[in-house]
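See below for the structure under consideration.
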Protein chains: 4
Amino acid sequence: MMDPIGAKTWVVPGGRIPFPSHGDEPEFTGFDQLCVLNTGDRPAELELTVYYEDQDPVGPYPLTVPPRRIRHVRLNDLVDPEAIRLTRPYGAVLTGAVPVVVQFQRQDTRLPGTIALTDVIAHPAG
Amino acid sequence: MMDPIGAKTWVVPGGRIPFPSHGDEPEFTGFDQLCVLNTGDRPAELELTVYYEDQDPVGPYPLTVPPRRIRHVRLNDLVDPEAIRLTRPYGAVLTGAVPVVVQFQRQDTRLPGTIALTDVIAHPAG
Amino acid sequence: MMDPIGAKTWVVPGGRIPFPSHGDEPEFTGFDQLCVLNTGDRPAELELTVYYEDQDPVGPYPLTVPPRRIRHVRLNDLVDPEAIRLTRPYGAVLTGAVPVVVQFQRQDTRLPGTIALTDVIAHPAG
Amino acid sequence: MMDPIGAKTWVVPGGRIPFPSHGDEPEFTGFDQLCVLNTGDRPAELELTVYYEDQDPVGPYPLTVPPRRIRHVRLNDLVDPEAIRLTRPYGAVLTGAVPVVVQFQRQDTRLPGTIALTDVIAHPAG
């Protein structure tokens, strides 16, 4: 139907999972999230690498998006090779062999009774 | 006057219409919205395809933007071929024969007395 | 010092000045704002055109940014050739002869005691 | 491991550090922040220049990001050659000899009991 569209490498420098959270889980749990769209006919086998201020990068975290599907993945839920510590600054690079498009979202409920949202299209690089 | 500017295909991976809403309708109803600007002299006949995590894409949803006009369309309001279920994760691809520019906005009023907004320029692809 | 950087045309499809506002003016007045950076040695003489859903575009609104300066302009404050009506959907195209960079920001204080912010880099087009 | 990715110059036209702040410091202090990711094998020696509405640009502010590391830098914390005055509109250009990726974030706690966040990928320029 549709040709695969997007880029093979995507970058988000500004990660930091909010903590604590207020409100019902999981709907109001604070999160950082990657949203990936694969319009192509082949599965997108992606690798996520997490960069820090004070140690070598950690990864790869494997992430698969089937053909003609999206995946919305909370960074909070990644545990292998290791969890990303809450409130720790990080950056993320997502890379694979087929083009996809990547959006990064944060939900912040650190204060009771209020939600803050923010959103970027990740930086496409090659 | 002005040449048509932008791209013919635009991508938003991170859709999810917030629910429930608080406050007066329609001003404070939660929404996901596509904002399209057609600077050209010809109508932009666009097709929206909606991608999901667990089923084949749905569409096309037809969307027309007259010459030298904008349209702000709430995804909540699309019903043909089928409505997008509230709180369900999705991605969107908007494509047509003439260049346009596309912005994606969310208004979240899930908590009483507070509004969260977020905004991206969609990813241009060809 | 620095070469002029950026693009000569910038596009924002998703304008809508929030109303009403709550809190002290002008600090908490709701606004849509264009932020322009001119790194070059020549003044940037820009023209803003405003697009609507249901009438021909309005403009040009003249806007000058001196060499090596920024300007943050609230759309609410533009009156010549005519004011942009509050809560009316619009799109904006900013164009000139020298490269600049343009960011679009919204501050929404429609609900008392809460602020929503959102932000995009405008779409660069040529 | 990974080639250096990104661009050598990044632009943010819409700076303005929020003031006052409410809530515990430093977690809820209002800020403007630059998030830089250097995926390459060489240190990124960056120079930040700050542009204003009514005076010549100030800088360079030096900023180093080691190989395969991120840095999240609050603009509030920069003091040499001079601090950026709170609530004063500014723009920022970050430039260096190796490619990096730059995101700009704002946390606004001017109203007690509420947080507003906003986020852009800076504009890449060469």
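Residues are referred to by chain and number: the chain letter is A, B, ... according to the order shown in the structure tokens, the number counts from 1 in that chain, and ligands are numbered separately from 1 in the order shown.
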
Can I have chain B aligned to chain C? Use a least-squares fit on all Cα atoms paired in order and write it out as a PDB file with C-alpha atoms, in the first residue's frame.
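As written to disk, result-v2.pdb reads:
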ATOM      1  CA  MET B   1      30.594  37.433  13.159  1.00  0.00           C
ATOM      2  CA  MET B   2      27.996  34.806  12.370  1.00  0.00           C
ATOM      3  CA  ASP B   3      26.493  34.111   8.934  1.00  0.00           C
ATOM      4  CA  PRO B   4      22.745  34.528   8.722  1.00  0.00           C
ATOM      5  CA  ILE B   5      21.167  31.173   9.511  1.00  0.00           C
ATOM      6  CA  GLY B   6      17.740  29.655   8.999  1.00  0.00           C
ATOM      7  CA  ALA B   7      15.195  29.925   6.194  1.00  0.00           C
ATOM      8  CA  LYS B   8      13.318  32.703   4.404  1.00  0.00           C
ATOM      9  CA  THR B   9       9.799  31.337   4.833  1.00  0.00           C
ATOM     10  CA  TRP B  10       8.247  29.845   7.981  1.00  0.00           C
ATOM     11  CA  VAL B  11       4.814  28.290   8.464  1.00  0.00           C
ATOM     12  CA  VAL B  12       2.525  27.772  11.490  1.00  0.00           C
ATOM     13  CA  PRO B  13      -0.797  26.080  10.643  1.00  0.00           C
ATOM     14  CA  GLY B  14      -2.221  25.856  14.172  1.00  0.00           C
ATOM     15  CA  GLY B  15      -2.964  29.382  15.447  1.00  0.00           C
ATOM     16  CA  ARG B  16      -5.794  30.282  17.875  1.00  0.00           C
ATOM     17  CA  ILE B  17      -5.355  33.021  20.507  1.00  0.00           C
ATOM     18  CA  PRO B  18      -6.817  31.753  23.808  1.00  0.00           C
ATOM     19  CA  PHE B  19      -9.628  33.706  25.478  1.00  0.00           C
ATOM     20  CA  PRO B  20     -10.531  34.584  28.201  1.00  0.00           C
ATOM     21  CA  SER B  21      -7.431  35.033  30.367  1.00  0.00           C
ATOM     22  CA  HIS B  22      -6.984  34.874  34.138  1.00  0.00           C
ATOM     23  CA  GLY B  23      -4.275  36.468  36.268  1.00  0.00           C
ATOM     24  CA  ASP B  24      -2.279  39.707  36.154  1.00  0.00           C
ATOM     25  CA  GLU B  25      -1.762  41.432  32.804  1.00  0.00           C
ATOM     26  CA  PRO B  26       0.330  41.271  30.731  1.00  0.00           C
ATOM     27  CA  GLU B  27       2.274  38.466  32.434  1.00  0.00           C
ATOM     28  CA  PHE B  28      -0.618  35.979  32.507  1.00  0.00           C
ATOM     29  CA  THR B  29      -2.618  37.166  29.520  1.00  0.00           C
ATOM     30  CA  GLY B  30      -3.176  34.339  27.064  1.00  0.00           C
ATOM     31  CA  PHE B  31      -1.261  34.695  23.819  1.00  0.00           C
ATOM     32  CA  ASP B  32       0.009  33.224  20.601  1.00  0.00           C
ATOM     33  CA  GLN B  33       3.543  34.446  19.955  1.00  0.00           C
ATOM     34  CA  LEU B  34       6.113  34.387  17.152  1.00  0.00           C
ATOM     35  CA  CYS B  35       9.749  34.441  18.257  1.00  0.00           C
ATOM     36  CA  VAL B  36      12.175  35.447  15.489  1.00  0.00           C
ATOM     37  CA  LEU B  37      15.976  35.321  15.589  1.00  0.00           C
ATOM     38  CA  ASN B  38      18.019  37.228  12.992  1.00  0.00           C
ATOM     39  CA  THR B  39      21.701  36.290  13.323  1.00  0.00           C
ATOM     40  CA  GLY B  40      22.713  38.196  10.188  1.00  0.00           C
ATOM     41  CA  ASP B  41      24.204  41.631   9.574  1.00  0.00           C
ATOM     42  CA  ARG B  42      21.190  43.003   7.713  1.00  0.00           C
ATOM     43  CA  PRO B  43      17.729  43.884   9.048  1.00  0.00           C
ATOM     44  CA  ALA B  44      15.107  41.205   8.395  1.00  0.00           C
ATOM     45  CA  GLU B  45      12.086  42.923   6.830  1.00  0.00           C
ATOM     46  CA  LEU B  46       9.409  40.264   7.204  1.00  0.00           C
ATOM     47  CA  GLU B  47       5.835  39.977   6.028  1.00  0.00           C
ATOM     48  CA  LEU B  48       3.268  37.969   7.948  1.00  0.00           C
ATOM     49  CA  THR B  49       0.209  36.607   6.144  1.00  0.00           C
ATOM     50  CA  VAL B  50      -2.681  35.187   8.167  1.00  0.00           C
ATOM     51  CA  TYR B  51      -4.837  32.401   6.703  1.00  0.00           C
ATOM     52  CA  TYR B  52      -8.374  31.532   7.816  1.00  0.00           C
ATOM     53  CA  GLU B  53     -10.914  28.767   7.312  1.00  0.00           C
ATOM     54  CA  ASP B  54     -13.570  30.859   5.644  1.00  0.00           C
ATOM     55  CA  GLN B  55     -12.108  33.964   3.994  1.00  0.00           C
ATOM     56  CA  ASP B  56      -9.138  35.118   1.946  1.00  0.00           C
ATOM     57  CA  PRO B  57      -5.788  35.594   3.670  1.00  0.00           C
ATOM     58  CA  VAL B  58      -5.121  38.885   5.452  1.00  0.00           C
ATOM     59  CA  GLY B  59      -1.860  40.762   5.242  1.00  0.00           C
ATOM     60  CA  PRO B  60       0.889  41.571   4.933  1.00  0.00           C
ATOM     61  CA  TYR B  61       1.596  42.495   8.526  1.00  0.00           C
ATOM     62  CA  PRO B  62       5.070  44.086   8.473  1.00  0.00           C
ATOM     63  CA  LEU B  63       7.614  42.898  11.035  1.00  0.00           C
ATOM     64  CA  THR B  64      11.238  44.011  11.293  1.00  0.00           C
ATOM     65  CA  VAL B  65      14.008  42.264  13.210  1.00  0.00           C
ATOM     66  CA  PRO B  66      17.257  44.268  13.380  1.00  0.00           C
ATOM     67  CA  PRO B  67      20.648  42.610  12.705  1.00  0.00           C
ATOM     68  CA  ARG B  68      21.810  40.252  15.491  1.00  0.00           C
ATOM     69  CA  ARG B  69      18.559  40.660  17.406  1.00  0.00           C
ATOM     70  CA  ILE B  70      15.466  38.699  18.394  1.00  0.00           C
ATOM     71  CA  ARG B  71      11.842  39.788  18.448  1.00  0.00           C
ATOM     72  CA  HIS B  72       9.048  38.101  20.374  1.00  0.00           C
ATOM     73  CA  VAL B  73       5.740  39.333  18.945  1.00  0.00           C
ATOM     74  CA  ARG B  74       2.349  38.467  20.406  1.00  0.00           C
ATOM     75  CA  LEU B  75      -0.149  37.895  17.601  1.00  0.00           C
ATOM     76  CA  ASN B  76      -2.717  39.514  19.940  1.00  0.00           C
ATOM     77  CA  ASP B  77      -0.904  42.820  19.454  1.00  0.00           C
ATOM     78  CA  LEU B  78      -1.076  42.974  15.649  1.00  0.00           C
ATOM     79  CA  VAL B  79      -3.721  45.450  14.476  1.00  0.00           C
ATOM     80  CA  ASP B  80      -2.650  46.641  11.016  1.00  0.00           C
ATOM     81  CA  PRO B  81      -4.193  45.706   8.539  1.00  0.00           C
ATOM     82  CA  GLU B  82      -6.604  44.172  11.129  1.00  0.00           C
ATOM     83  CA  ALA B  83      -6.624  42.400  14.496  1.00  0.00           C
ATOM     84  CA  ILE B  84      -6.785  38.597  14.667  1.00  0.00           C
ATOM     85  CA  ARG B  85     -10.037  37.789  16.436  1.00  0.00           C
ATOM     86  CA  LEU B  86      -9.555  35.920  19.739  1.00  0.00           C
ATOM     87  CA  THR B  87     -10.378  32.152  19.618  1.00  0.00           C
ATOM     88  CA  ARG B  88     -10.577  32.235  15.811  1.00  0.00           C
ATOM     89  CA  PRO B  89      -8.547  29.456  14.111  1.00  0.00           C
ATOM     90  CA  TYR B  90      -5.822  30.738  11.798  1.00  0.00           C
ATOM     91  CA  GLY B  91      -2.517  29.827  10.188  1.00  0.00           C
ATOM     92  CA  ALA B  92       0.501  32.069   9.673  1.00  0.00           C
ATOM     93  CA  VAL B  93       3.243  32.417   7.054  1.00  0.00           C
ATOM     94  CA  LEU B  94       6.238  34.632   7.761  1.00  0.00           C
ATOM     95  CA  THR B  95       8.498  35.430   4.843  1.00  0.00           C
ATOM     96  CA  GLY B  96      11.392  37.766   4.028  1.00  0.00           C
ATOM     97  CA  ALA B  97      14.589  38.243   2.027  1.00  0.00           C
ATOM     98  CA  VAL B  98      17.141  37.142   4.644  1.00  0.00           C
ATOM     99  CA  PRO B  99      17.283  33.898   6.637  1.00  0.00           C
ATOM    100  CA  VAL B 100      15.830  33.859  10.161  1.00  0.00           C
ATOM    101  CA  VAL B 101      14.615  31.181  12.586  1.00  0.00           C
ATOM    102  CA  VAL B 102      11.029  31.207  13.918  1.00  0.00           C
ATOM    103  CA  GLN B 103       9.432  29.590  16.968  1.00  0.00           C
ATOM    104  CA  PHE B 104       5.712  29.679  17.826  1.00  0.00           C
ATOM    105  CA  GLN B 105       4.482  29.698  21.425  1.00  0.00           C
ATOM    106  CA  ARG B 106       1.108  29.696  23.146  1.00  0.00           C
ATOM    107  CA  GLN B 107       0.251  30.622  26.736  1.00  0.00           C
ATOM    108  CA  ASP B 108      -3.252  29.541  27.781  1.00  0.00           C
ATOM    109  CA  THR B 109      -4.767  30.857  31.034  1.00  0.00           C
ATOM    110  CA  ARG B 110      -8.433  30.216  30.243  1.00  0.00           C
ATOM    111  CA  LEU B 111      -8.835  28.423  33.581  1.00  0.00           C
ATOM    112  CA  PRO B 112      -8.080  30.349  36.795  1.00  0.00           C
ATOM    113  CA  GLY B 113      -4.991  29.208  38.691  1.00  0.00           C
ATOM    114  CA  THR B 114      -3.443  27.148  35.920  1.00  0.00           C
ATOM    115  CA  ILE B 115      -1.178  27.810  32.913  1.00  0.00           C
ATOM    116  CA  ALA B 116      -0.764  25.668  29.816  1.00  0.00           C
ATOM    117  CA  LEU B 117       2.170  26.274  27.488  1.00  0.00           C
ATOM    118  CA  THR B 118       2.966  24.850  24.106  1.00  0.00           C
ATOM    119  CA  ASP B 119       5.729  25.444  21.628  1.00  0.00           C
ATOM    120  CA  VAL B 120       6.911  24.468  18.156  1.00  0.00           C
ATOM    121  CA  ILE B 121       9.707  25.483  15.850  1.00  0.00           C
ATOM    122  CA  ALA B 122       7.745  26.723  12.818  1.00  0.00           C
ATOM    123  CA  HIS B 123       8.059  24.689   9.607  1.00  0.00           C
ATOM    124  CA  PRO B 124      10.916  26.078   7.447  1.00  0.00           C
ATOM    125  CA  ALA B 125      10.038  26.272   3.746  1.00  0.00           C
ATOM    126  CA  GLY B 126      12.709  27.525   1.363  1.00  0.00           C
TER     127      GLY B 126
END
